[in-house]
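Shown next: upload.txt, given as compact mmCIF, C-alpha atoms.
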```txt
# COMPACT_ATOMS: atom_id res chain seq x y z
CA MET D 1 0.00 0.00 0.00
CA ASP D 2 1.43 3.35 -1.00
CA ILE D 3 1.43 6.07 1.60
CA GLN D 4 0.81 9.35 -0.11
CA THR D 5 3.59 11.69 0.92
CA LYS D 6 3.91 15.36 0.25
CA ILE D 7 6.90 17.63 0.55
CA LEU D 8 6.08 21.04 1.95
CA VAL D 9 8.60 23.85 1.99
CA PHE D 10 8.36 27.12 3.84
CA LYS D 11 10.47 30.21 4.11
CA THR D 12 11.23 31.01 7.74
CA ASN D 13 13.51 32.99 10.00
CA LEU D 14 14.56 29.97 12.06
CA GLU D 15 18.20 31.04 12.15
CA THR D 16 19.38 29.78 15.49
CA GLU D 17 19.41 26.49 17.35
CA GLU D 18 17.14 28.07 19.97
CA GLY D 19 14.61 29.00 17.32
CA ILE D 20 14.57 25.46 15.99
CA ARG D 21 14.27 24.08 19.52
CA ALA D 22 11.32 26.37 20.15
CA VAL D 23 9.32 24.79 17.34
CA SER D 24 10.67 21.23 17.60
CA ALA D 25 8.12 19.90 20.02
CA ALA D 26 5.18 21.20 18.03
CA LEU D 27 6.60 19.90 14.73
CA ASN D 28 7.41 16.52 16.24
CA GLN D 29 3.92 16.19 17.68
CA HIS D 30 2.04 17.33 14.57
CA PRO D 31 0.05 14.25 13.44
CA GLU D 32 0.66 14.78 9.72
CA ILE D 33 4.40 15.42 9.85
CA ILE D 34 6.59 12.38 9.15
CA ARG D 35 9.89 14.22 9.35
CA TRP D 36 11.21 17.74 9.05
CA ASN D 37 14.45 19.73 8.90
CA VAL D 38 15.61 23.29 8.49
CA ASP D 39 18.24 24.14 5.88
CA GLN D 40 20.22 26.47 8.07
CA TRP D 41 22.69 27.33 5.37
CA ASP D 42 20.07 28.67 3.00
CA ILE D 43 19.16 32.34 3.14
CA ASP D 44 15.46 31.49 3.39
CA LYS D 45 16.03 29.08 6.31
CA VAL D 46 13.81 26.65 4.49
CA LEU D 47 11.69 24.42 6.69
CA ARG D 48 11.26 21.17 4.78
CA ILE D 49 8.49 18.84 5.85
CA GLU D 50 7.63 15.35 4.70
CA ALA D 51 3.92 15.12 5.43
CA CYS D 52 1.24 12.56 4.80
CA THR D 53 -1.73 13.62 2.77
CA PRO D 54 -4.06 15.14 3.39
CA SER D 55 -2.19 17.78 5.29
CA SER D 56 -2.81 21.43 5.73
CA PRO D 57 0.07 23.80 5.12
CA SER D 58 -1.94 26.52 6.81
CA SER D 59 -1.98 24.67 10.13
CA ILE D 60 1.79 24.42 9.99
CA ILE D 61 2.15 28.10 9.08
CA GLU D 62 -0.13 29.00 11.98
CA MET D 63 1.90 26.88 14.38
CA ILE D 64 5.25 28.43 13.45
CA ARG D 65 3.83 31.94 13.47
CA SER D 66 2.24 31.53 16.86
CA ALA D 67 5.66 30.54 18.21
CA GLY D 68 6.80 33.97 17.08
CA PHE D 69 8.54 33.13 13.82
CA VAL D 70 8.11 34.05 10.20
CA CYS D 71 6.62 31.33 8.05
CA ASP D 72 5.46 31.70 4.46
CA GLU D 73 5.01 29.63 1.35
CA LEU D 74 8.33 29.44 -0.48
CA PRO D 75 8.09 31.63 -3.56
CA ASP D 76 9.01 29.98 -6.87
CA MET S 1 3.98 26.09 -3.89
CA PHE S 2 3.48 22.48 -2.84
CA ILE S 3 4.59 19.36 -4.64
CA TYR S 4 2.57 16.17 -4.51
CA ILE S 5 4.38 12.87 -4.63
CA CYS S 6 2.85 9.40 -4.65
CA GLY S 7 4.91 7.22 -2.31
CA MET S 8 8.02 9.17 -3.33
CA ARG S 9 8.21 7.32 -6.65
CA VAL S 10 7.35 10.21 -8.90
CA ARG S 11 10.70 11.72 -9.82
CA ASP S 12 11.68 13.62 -12.89
CA GLU S 13 15.04 12.17 -13.89
CA ALA S 14 15.86 14.97 -16.26
CA LYS S 15 15.29 17.56 -13.54
CA GLU S 16 17.33 15.60 -11.05
CA ILE S 17 20.24 15.32 -13.47
CA ALA S 18 20.05 19.04 -14.29
CA ILE S 19 20.13 19.90 -10.58
CA ARG S 20 23.19 17.74 -9.95
CA LYS S 21 25.06 18.95 -13.00
CA LYS S 22 24.41 22.61 -12.31
CA ALA S 23 25.26 22.22 -8.62
CA MET S 24 28.69 20.84 -9.55
CA GLU S 25 29.18 23.59 -12.13
CA LEU S 26 28.35 26.31 -9.62
CA ILE S 27 30.72 24.87 -7.04
CA VAL S 28 33.53 24.59 -9.60
CA GLN S 29 32.99 28.10 -10.93
CA GLU S 30 32.17 29.95 -7.72
CA GLY S 31 33.12 27.77 -4.76
CA PHE S 32 30.70 26.58 -2.09
CA ASP S 33 29.44 30.03 -1.34
CA GLY S 34 28.36 30.24 -4.93
CA LEU S 35 25.91 27.41 -4.38
CA SER S 36 22.68 28.88 -3.09
CA MET S 37 19.43 27.04 -3.66
CA HIS S 38 18.06 30.04 -5.52
CA LYS S 39 21.00 30.26 -7.90
CA LEU S 40 20.89 26.54 -8.44
CA ALA S 41 17.17 26.54 -9.13
CA LYS S 42 17.56 29.27 -11.71
CA ALA S 43 20.53 27.59 -13.39
CA ALA S 44 18.78 24.21 -13.52
CA GLY S 45 15.46 25.64 -14.69
CA VAL S 46 13.50 24.33 -11.72
CA SER S 47 11.84 25.85 -8.68
CA VAL S 48 13.61 25.97 -5.33
CA ALA S 49 10.88 23.74 -3.96
CA THR S 50 11.71 21.09 -6.57
CA ILE S 51 15.29 20.87 -5.31
CA TYR S 52 13.90 20.15 -1.85
CA ILE S 53 12.02 17.14 -3.20
CA TYR S 54 15.28 15.39 -3.83
CA TYR S 55 17.48 16.83 -1.09
CA LYS S 56 16.85 17.60 2.55
CA ASP S 57 19.13 20.60 2.43
CA ARG S 58 22.24 21.97 0.78
CA GLU S 59 24.51 19.72 2.83
CA ASP S 60 22.53 16.66 1.77
CA LEU S 61 22.96 17.66 -1.87
CA ILE S 62 26.71 18.19 -1.55
CA LEU S 63 27.31 14.92 0.32
CA ASN S 64 25.18 13.02 -2.15
CA LEU S 65 27.22 14.45 -5.02
CA CYS S 66 30.48 13.56 -3.24
CA GLU S 67 29.38 10.00 -2.77
CA LYS S 68 27.94 9.33 -6.21
CA GLU S 69 30.69 11.06 -8.16
CA THR S 70 33.47 9.38 -6.16
CA MET S 71 31.85 6.06 -6.95
CA ARG S 72 31.62 6.86 -10.68
CA MET S 73 35.22 7.98 -10.73
CA THR S 74 36.62 4.92 -8.99
CA GLU S 75 34.62 2.65 -11.27
CA ALA S 76 36.04 4.40 -14.32
CA THR S 77 39.55 4.27 -12.87
CA LEU S 78 39.37 0.53 -12.24
CA LYS S 79 38.19 -0.36 -15.74
CA ASP S 80 40.21 -3.33 -17.08
CA PHE S 81 42.69 -2.85 -14.25
CA ASP S 82 44.41 -5.78 -12.61
CA PRO S 83 46.60 -5.01 -9.60
CA TYR S 84 48.91 -7.84 -10.67
CA MET S 85 49.70 -6.26 -14.03
CA SER S 86 53.31 -5.29 -14.59
CA PHE S 87 54.11 -1.82 -13.35
CA GLY S 88 54.41 -0.39 -16.86
CA GLU S 89 51.18 -1.98 -18.05
CA GLY S 90 49.27 -1.06 -14.93
CA LEU S 91 50.37 2.54 -14.94
CA LYS S 92 49.48 2.83 -18.62
CA ASN S 93 46.00 1.55 -17.82
CA GLN S 94 45.66 4.02 -14.97
CA TRP S 95 46.83 6.95 -17.06
CA ARG S 96 44.41 6.02 -19.81
CA ASN S 97 41.45 5.54 -17.46
CA ARG S 98 42.07 8.69 -15.46
CA ALA S 99 42.65 10.88 -18.52
CA THR S 100 39.52 9.51 -20.17
CA PHE S 101 37.45 10.20 -17.07
CA TRP S 102 38.71 13.79 -16.82
CA LEU S 103 38.22 14.55 -20.49
CA LYS S 104 34.77 12.99 -20.68
CA ASN S 105 33.58 14.38 -17.36
CA PRO S 106 35.37 17.70 -16.82
CA ILE S 107 32.78 19.18 -14.46
CA GLU S 108 32.55 16.07 -12.30
CA ALA S 109 36.36 15.72 -12.20
CA GLN S 110 36.91 19.35 -11.21
CA PHE S 111 34.16 19.06 -8.63
CA LEU S 112 35.90 16.06 -7.03
CA GLU S 113 39.19 17.93 -7.11
CA ARG S 114 37.58 20.82 -5.21
CA MET S 115 36.09 18.44 -2.65
CA ARG S 116 39.47 16.80 -2.06
CA HIS S 117 40.88 20.15 -0.98
CA SER S 118 37.91 21.28 1.07
CA PRO S 119 36.37 20.60 4.49
CA TYR S 120 34.69 17.68 2.73
CA GLN S 121 37.93 15.83 2.11
CA GLU S 122 37.29 13.45 5.00
CA ARG S 123 33.96 12.49 3.47
CA ILE S 124 35.59 11.87 0.08
CA LEU S 125 38.07 9.57 1.77
CA PHE S 126 35.17 7.87 3.52
CA PHE S 127 33.37 7.29 0.23
CA LEU S 128 36.42 5.82 -1.48
CA LYS S 129 35.55 2.17 -1.43
CA THR S 130 38.02 -0.28 0.09
CA ASP S 131 38.37 -2.23 -3.13
CA PHE S 132 39.75 0.81 -4.94
CA ILE S 133 42.26 1.58 -2.20
CA GLU S 134 43.24 -2.07 -1.91
CA ALA S 135 43.73 -2.40 -5.67
CA MET S 136 46.07 0.60 -5.73
CA LYS S 137 48.03 -0.65 -2.70
CA THR S 138 48.36 -4.17 -4.10
CA PHE S 139 49.55 -2.81 -7.44
CA VAL S 140 52.34 -0.83 -5.80
CA HIS S 141 53.42 -3.57 -3.39
CA ASN S 142 53.47 -6.12 -6.16
CA ALA S 143 55.58 -3.87 -8.39
CA ILE S 144 58.05 -3.28 -5.58
CA LYS S 145 58.24 -7.00 -4.89
CA ASN S 146 58.92 -7.68 -8.59
CA LYS S 147 61.67 -5.06 -8.57
CA GLU S 148 59.85 -2.94 -11.14
CA LEU S 149 59.25 -0.06 -8.79
CA VAL S 150 61.55 1.67 -6.34
CA LYS S 151 60.27 1.89 -2.76
CA VAL S 152 59.60 5.52 -1.79
CA PRO S 153 57.11 7.40 0.43
CA VAL S 154 53.63 7.59 -1.04
CA GLU S 155 53.82 11.35 -1.68
CA VAL S 156 57.00 10.88 -3.69
CA PHE S 157 55.46 7.99 -5.59
CA TRP S 158 52.26 9.82 -6.41
CA SER S 159 54.02 13.02 -7.44
CA VAL S 160 56.07 11.14 -9.99
CA ALA S 161 53.57 8.46 -11.04
CA TYR S 162 50.41 10.55 -11.41
CA ALA S 163 51.03 14.29 -11.15
CA PRO S 164 52.53 14.46 -14.68
CA LEU S 165 49.37 12.93 -16.12
CA TYR S 166 47.09 15.41 -14.38
CA GLN S 167 49.31 18.24 -15.55
CA LEU S 168 49.04 17.05 -19.15
CA VAL S 169 45.27 16.88 -18.73
CA LYS S 170 45.23 20.46 -17.40
CA PHE S 171 47.30 21.67 -20.36
CA HIS S 172 44.86 19.93 -22.69
CA MET S 173 41.82 21.44 -21.00
CA ASP S 174 43.38 24.88 -21.15
CA GLY S 175 44.14 24.38 -24.81
CA ALA S 176 47.77 25.31 -24.33
CA SER S 177 50.52 25.08 -21.75
CA PHE S 178 51.96 28.57 -21.34
CA PRO S 179 51.32 31.99 -22.89
CA GLY S 180 52.85 32.09 -26.31
CA GLN S 181 53.05 28.32 -26.66
CA ALA S 182 51.44 26.48 -29.54
CA PRO S 183 48.03 24.90 -28.88
CA PHE S 184 48.33 21.61 -27.02
CA VAL S 185 46.40 18.39 -27.44
CA LEU S 186 46.96 15.36 -25.25
CA THR S 187 47.68 12.71 -27.86
CA ASP S 188 48.61 9.06 -27.30
CA LYS S 189 52.11 9.94 -28.47
CA VAL S 190 52.58 12.65 -25.84
CA MET S 191 51.07 10.46 -23.14
CA ASN S 192 53.29 7.50 -23.96
CA GLN S 193 56.37 9.67 -24.17
CA THR S 194 55.72 11.13 -20.72
CA LEU S 195 54.73 7.76 -19.30
CA SER S 196 57.95 6.06 -20.40
CA LEU S 197 60.00 8.74 -18.63
CA VAL S 198 57.92 8.25 -15.49
CA VAL S 199 58.33 4.48 -15.51
CA LYS S 200 62.06 4.85 -16.15
CA GLY S 201 62.36 7.32 -13.27
CA LEU S 202 60.60 4.96 -10.88
CA SER S 203 62.68 1.91 -11.76
CA PRO S 204 65.05 0.61 -9.14
```
Would you kindly transcribe this structure into structure tokens?
Amino acid sequence: MDIQTKILVFKTNLETEEGIRAVSAALNQHPEIIRWNVDQWDIDKVLRIEACTPSSPSSIIEMIRSAGFVCDELPD
Amino acid sequence: MFIYICGMRVRDEAKEIAIRKKAMELIVQEGFDGLSMHKLAKAAGVSVATIYIYYKDREDLILNLCEKETMRMTEATLKDFDPYMSFGEGLKNQWRNRATFWLKNPIEAQFLERMRHSPYQERILFFLKTDFIEAMKTFVHNAIKNKELVKVPVEVFWSVAYAPLYQLVKFHMDGASFPGQAPFVLTDKVMNQTLSLVVKGLSP
């Protein structure tokens, strides 16, 4: 059986280890998130999420923003 | 922008190849700092998000390239090679294989060269499979045992046995050796001429 997986990418300002720690718990507990990482080298501090469908990007955006960080769809 | 994948099987090979090729080109031309996901996306004709389908992050991309390209290079280098060949025969095979790899894959070869002299050099060493290292060691030890090769420290050996070849390759890729010199092409004749001097120099 194929699990439908989706890759979601967001532009953030998660620049420091503390920032990432601040959102870790919420990301780890999110029911639709399989795994996630932040590309700390990249200028957009891209938050990359492997999620199972259906998943709502907006709930993730909400979550990161309510922790006090920037989170937007990654522009093309 | 969100990308939908069915069980991670839906990959666009052409896009993946373009991403890898352009990533190596950017690193060769501009160094690591030249490799931003945005620049890469533009150069490869894909979106930044597409790159993140295949790679977790920039580091993942670079390590993946190191691993795959090292593997391709060692495979090419070991083609028709037998560590028990005579020293002259074996070195000829190595020169041929290495020159061919460089000339057919200039971007990949220059990329590996960069990696070897970068913070990633440990990883390159890690990715060099044991059979490649063992083949090279056996070749040298066997040649010494058969009194075809003088016993010297590895740096001395390598500088005489291989550095001339890579220099010839560089001259060829530059089109000429020095300002004012005639155009240079690495022909079999030139390679064999240089090789015979090298083998002579390394004889006991």
* To do: Write out as an MDAnalysis selection string the residues lying within 6 Å of segment 51-61 of chain D, counting only C-alpha atoms and excluding same-chain residues fewer than 5 positions away.
  => chainID D and resid 4:6 32:34 71
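Straight-line separation from atom CA of Asp188 of chain S to atom CA of Asn146 of chain S: 27.1 Å.
Taking atom CA of Glu67 of chain S as the reference point, atom CA of Phe81 of chain S is found at 21.8 Å.
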* Using only C-alpha atoms, which chain D residues lie at most 9 Å away from chain S, written as a PyMOL selection string? -> chain D and resi 2-10+36-43+46+48+53+57+73-76
* State, in Å with one decimal place, the distance from atom CA of His172 of chain S to atom CA of Thr74 of chain S. =>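 So the two atoms, atom CA of His172 of chain S and atom CA of Thr74 of chain S, lie 21.9 Å apart.
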* Asked: For Gly45 of chain S, which of S:Asp80, S:Glu89, S:Glu16, S:Asp131 is the closest residue, counting only C-alpha atoms?
  ->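 Ranking S:Asp80, S:Glu89, S:Glu16, S:Asp131 by distance to Gly45 of chain S, first place goes to S:Glu16.
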